[in-house]
Amino acid sequence: MAGFEHARALITGGTRGLGRAVALQLAREGARVAVSDLTEESAAATVALINQGGGQAIAIGANVAHEAEVQAMVART
């Protein structure tokens, strides 16, 4: 692990592309990761990859265009 052992990371759009790559890498380096997308179900695949690899991750459904959902996402993270 390379320095993220005590970190928590919130990755919005973490279900594909760069967001997924960042979430996976942070988890490999020891961070606890919250993966957010419009629905928890859409974030589940990335979370499963992290958890299966020995990391810790949760899925959060949130629309970042809505302030209340962003606040709830941050609080849950």
# chains A, B, ... in the order shown; residues from 1 in each chain; ligands from 1

call {"tool": "residues_around", "arguments": {"residues": "A:Leu24", "least_positions_apart": "2", "cutoff": "10 Å", "atoms": "only C-alpha atoms", "output": "list in words"}}
result
Gly14, Leu18, Gly19, Arg20, Ala21, Val22, Leu26, Ala27, Arg28, Glu29, Ala31, Val33, Val35, Thr46, Val47, Leu49, Ile50, Asn51, Gly53, Gly55 and Ala57 of chain A

call {"tool": "residues_around", "arguments": {"residues": "A:Ala44", "least_positions_apart": "6", "cutoff": "9 Å", "atoms": "only C-alpha atoms", "output": "MDAnalysis selection string"}}
result
chainID A and resid 15 35 58:60

call {"tool": "residues_around", "arguments": {"residues": "A:Thr77", "least_positions_apart": "5", "cutoff": "8 Å", "atoms": "only C-alpha atoms", "output": "ChimeraX atom specification"}}
result
/A:8-10,34

call {"tool": "write_last_selection", "arguments": {"atoms": "all heavy atoms", "output": "PDB file, in the first residue's frame"}}
result
ATOM      1  N   ARG A   8     -10.222   8.227   2.928  1.00  0.00           N
ATOM      2  CA  ARG A   8     -11.542   7.922   2.374  1.00  0.00           C
ATOM      3  C   ARG A   8     -11.677   8.738   1.109  1.00  0.00           C
ATOM      4  O   ARG A   8     -11.357   9.923   1.096  1.00  0.00           O
ATOM      5  CB  ARG A   8     -12.642   8.321   3.349  1.00  0.00           C
ATOM      6  CG  ARG A   8     -12.652   7.461   4.573  1.00  0.00           C
ATOM      7  CD  ARG A   8     -13.769   7.835   5.488  1.00  0.00           C
ATOM      8  NE  ARG A   8     -13.661   7.047   6.708  1.00  0.00           N
ATOM      9  CZ  ARG A   8     -14.330   7.301   7.799  1.00  0.00           C
ATOM     10  NH1 ARG A   8     -15.165   8.314   7.827  1.00  0.00           N
ATOM     11  NH2 ARG A   8     -14.181   6.539   8.847  1.00  0.00           N
ATOM     12  N   ALA A   9     -12.154   8.104   0.059  1.00  0.00           N
ATOM     13  CA  ALA A   9     -12.290   8.779  -1.225  1.00  0.00           C
ATOM     14  C   ALA A   9     -13.720   8.664  -1.717  1.00  0.00           C
ATOM     15  O   ALA A   9     -14.340   7.604  -1.610  1.00  0.00           O
ATOM     16  CB  ALA A   9     -11.339   8.148  -2.246  1.00  0.00           C
ATOM     17  N   LEU A  10     -14.226   9.753  -2.244  1.00  0.00           N
ATOM     18  CA  LEU A  10     -15.549   9.782  -2.866  1.00  0.00           C
ATOM     19  C   LEU A  10     -15.346  10.034  -4.349  1.00  0.00           C
ATOM     20  O   LEU A  10     -14.825  11.074  -4.736  1.00  0.00           O
ATOM     21  CB  LEU A  10     -16.411  10.891  -2.246  1.00  0.00           C
ATOM     22  CG  LEU A  10     -17.725  11.212  -2.941  1.00  0.00           C
ATOM     23  CD1 LEU A  10     -18.627   9.988  -2.993  1.00  0.00           C
ATOM     24  CD2 LEU A  10     -18.418  12.358  -2.228  1.00  0.00           C
ATOM     25  N   ALA A  34     -15.946   5.365  -1.729  1.00  0.00           N
ATOM     26  CA  ALA A  34     -17.377   5.485  -1.994  1.00  0.00           C
ATOM     27  C   ALA A  34     -17.515   5.785  -3.482  1.00  0.00           C
ATOM     28  O   ALA A  34     -16.945   6.761  -3.979  1.00  0.00           O
ATOM     29  CB  ALA A  34     -17.993   6.606  -1.167  1.00  0.00           C
TER      30      ALA A  34
END

call {"tool": "closest_residue", "arguments": {"among": "A:Glu5, A:Ala68, A:Gln56, A:Thr39", "to": "A:Ala23", "atoms": "only C-alpha atoms"}}
result
A:Gln56

call {"tool": "atom_distance", "arguments": {"atom1": "atom CA of A:Gln25", "atom2": "atom CA of A:Ala43"}}
result
15.8 Å

call {"tool": "decode", "arguments": {"residues": "stretch 41-54 of chain A", "atoms": "all heavy atoms", "output": "compact mmCIF listing (two decimals), in the first residue's frame"}}
result
# COMPACT_ATOMS: atom_id res chain seq x y z
N GLU A 41 -27.31 0.87 -7.91
CA GLU A 41 -27.18 -0.31 -8.76
C GLU A 41 -26.12 -0.09 -9.83
O GLU A 41 -25.36 -1.01 -10.16
CB GLU A 41 -28.52 -0.66 -9.41
CG GLU A 41 -29.57 -1.14 -8.43
CD GLU A 41 -30.26 -0.01 -7.66
OE1 GLU A 41 -30.16 1.18 -8.05
OE2 GLU A 41 -30.89 -0.31 -6.64
N SER A 42 -26.03 1.10 -10.39
CA SER A 42 -25.05 1.34 -11.45
C SER A 42 -23.63 1.39 -10.90
O SER A 42 -22.67 1.13 -11.62
CB SER A 42 -25.37 2.63 -12.22
OG SER A 42 -25.35 3.75 -11.37
N ALA A 43 -23.47 1.70 -9.62
CA ALA A 43 -22.14 1.75 -8.99
C ALA A 43 -21.72 0.38 -8.46
O ALA A 43 -20.56 0.18 -8.11
CB ALA A 43 -22.13 2.78 -7.87
N ALA A 44 -22.63 -0.56 -8.43
CA ALA A 44 -22.38 -1.86 -7.79
C ALA A 44 -21.25 -2.65 -8.45
O ALA A 44 -20.50 -3.34 -7.74
CB ALA A 44 -23.66 -2.69 -7.78
N ALA A 45 -21.09 -2.58 -9.74
CA ALA A 45 -20.05 -3.36 -10.41
C ALA A 45 -18.66 -2.90 -9.99
O ALA A 45 -17.78 -3.74 -9.71
CB ALA A 45 -20.21 -3.28 -11.93
N THR A 46 -18.45 -1.61 -9.92
CA THR A 46 -17.14 -1.09 -9.48
C THR A 46 -16.90 -1.46 -8.03
O THR A 46 -15.81 -1.88 -7.65
CB THR A 46 -17.06 0.44 -9.68
OG1 THR A 46 -17.26 0.74 -11.06
CG2 THR A 46 -15.72 0.98 -9.23
N VAL A 47 -17.91 -1.32 -7.20
CA VAL A 47 -17.80 -1.68 -5.78
C VAL A 47 -17.46 -3.17 -5.65
O VAL A 47 -16.60 -3.54 -4.84
CB VAL A 47 -19.09 -1.31 -5.02
CG1 VAL A 47 -19.11 -1.93 -3.64
CG2 VAL A 47 -19.23 0.20 -4.94
N ALA A 48 -18.10 -4.00 -6.43
CA ALA A 48 -17.82 -5.44 -6.37
C ALA A 48 -16.37 -5.73 -6.73
O ALA A 48 -15.71 -6.55 -6.07
CB ALA A 48 -18.76 -6.20 -7.31
N LEU A 49 -15.85 -5.08 -7.76
CA LEU A 49 -14.44 -5.28 -8.13
C LEU A 49 -13.51 -4.89 -6.99
O LEU A 49 -12.53 -5.59 -6.71
CB LEU A 49 -14.10 -4.44 -9.37
CG LEU A 49 -14.67 -4.90 -10.70
CD1 LEU A 49 -14.41 -3.86 -11.78
CD2 LEU A 49 -14.08 -6.24 -11.08
N ILE A 50 -13.80 -3.78 -6.34
CA ILE A 50 -12.97 -3.32 -5.23
C ILE A 50 -13.04 -4.31 -4.07
O ILE A 50 -12.01 -4.73 -3.53
CB ILE A 50 -13.39 -1.91 -4.78
CG1 ILE A 50 -13.03 -0.90 -5.87
CG2 ILE A 50 -12.74 -1.54 -3.45
CD1 ILE A 50 -13.61 0.49 -5.66
N ASN A 51 -14.24 -4.68 -3.68
CA ASN A 51 -14.41 -5.58 -2.54
C ASN A 51 -13.83 -6.97 -2.82
O ASN A 51 -13.22 -7.58 -1.94
CB ASN A 51 -15.88 -5.66 -2.14
CG ASN A 51 -16.37 -4.35 -1.53
OD1 ASN A 51 -15.60 -3.57 -0.99
ND2 ASN A 51 -17.66 -4.12 -1.62
N GLN A 52 -13.98 -7.46 -4.03
CA GLN A 52 -13.42 -8.77 -4.40
C GLN A 52 -11.89 -8.74 -4.37
O GLN A 52 -11.26 -9.76 -4.13
CB GLN A 52 -13.90 -9.20 -5.79
CG GLN A 52 -15.35 -9.58 -5.81
CD GLN A 52 -15.90 -9.70 -7.23
OE1 GLN A 52 -15.19 -9.55 -8.21
NE2 GLN A 52 -17.20 -9.96 -7.33
N GLY A 53 -11.32 -7.57 -4.62
CA GLY A 53 -9.87 -7.43 -4.60
C GLY A 53 -9.32 -7.16 -3.21
O GLY A 53 -8.14 -6.86 -3.06
N GLY A 54 -10.17 -7.22 -2.20
CA GLY A 54 -9.72 -7.03 -0.84
C GLY A 54 -9.85 -5.60 -0.32
O GLY A 54 -9.48 -5.31 0.81
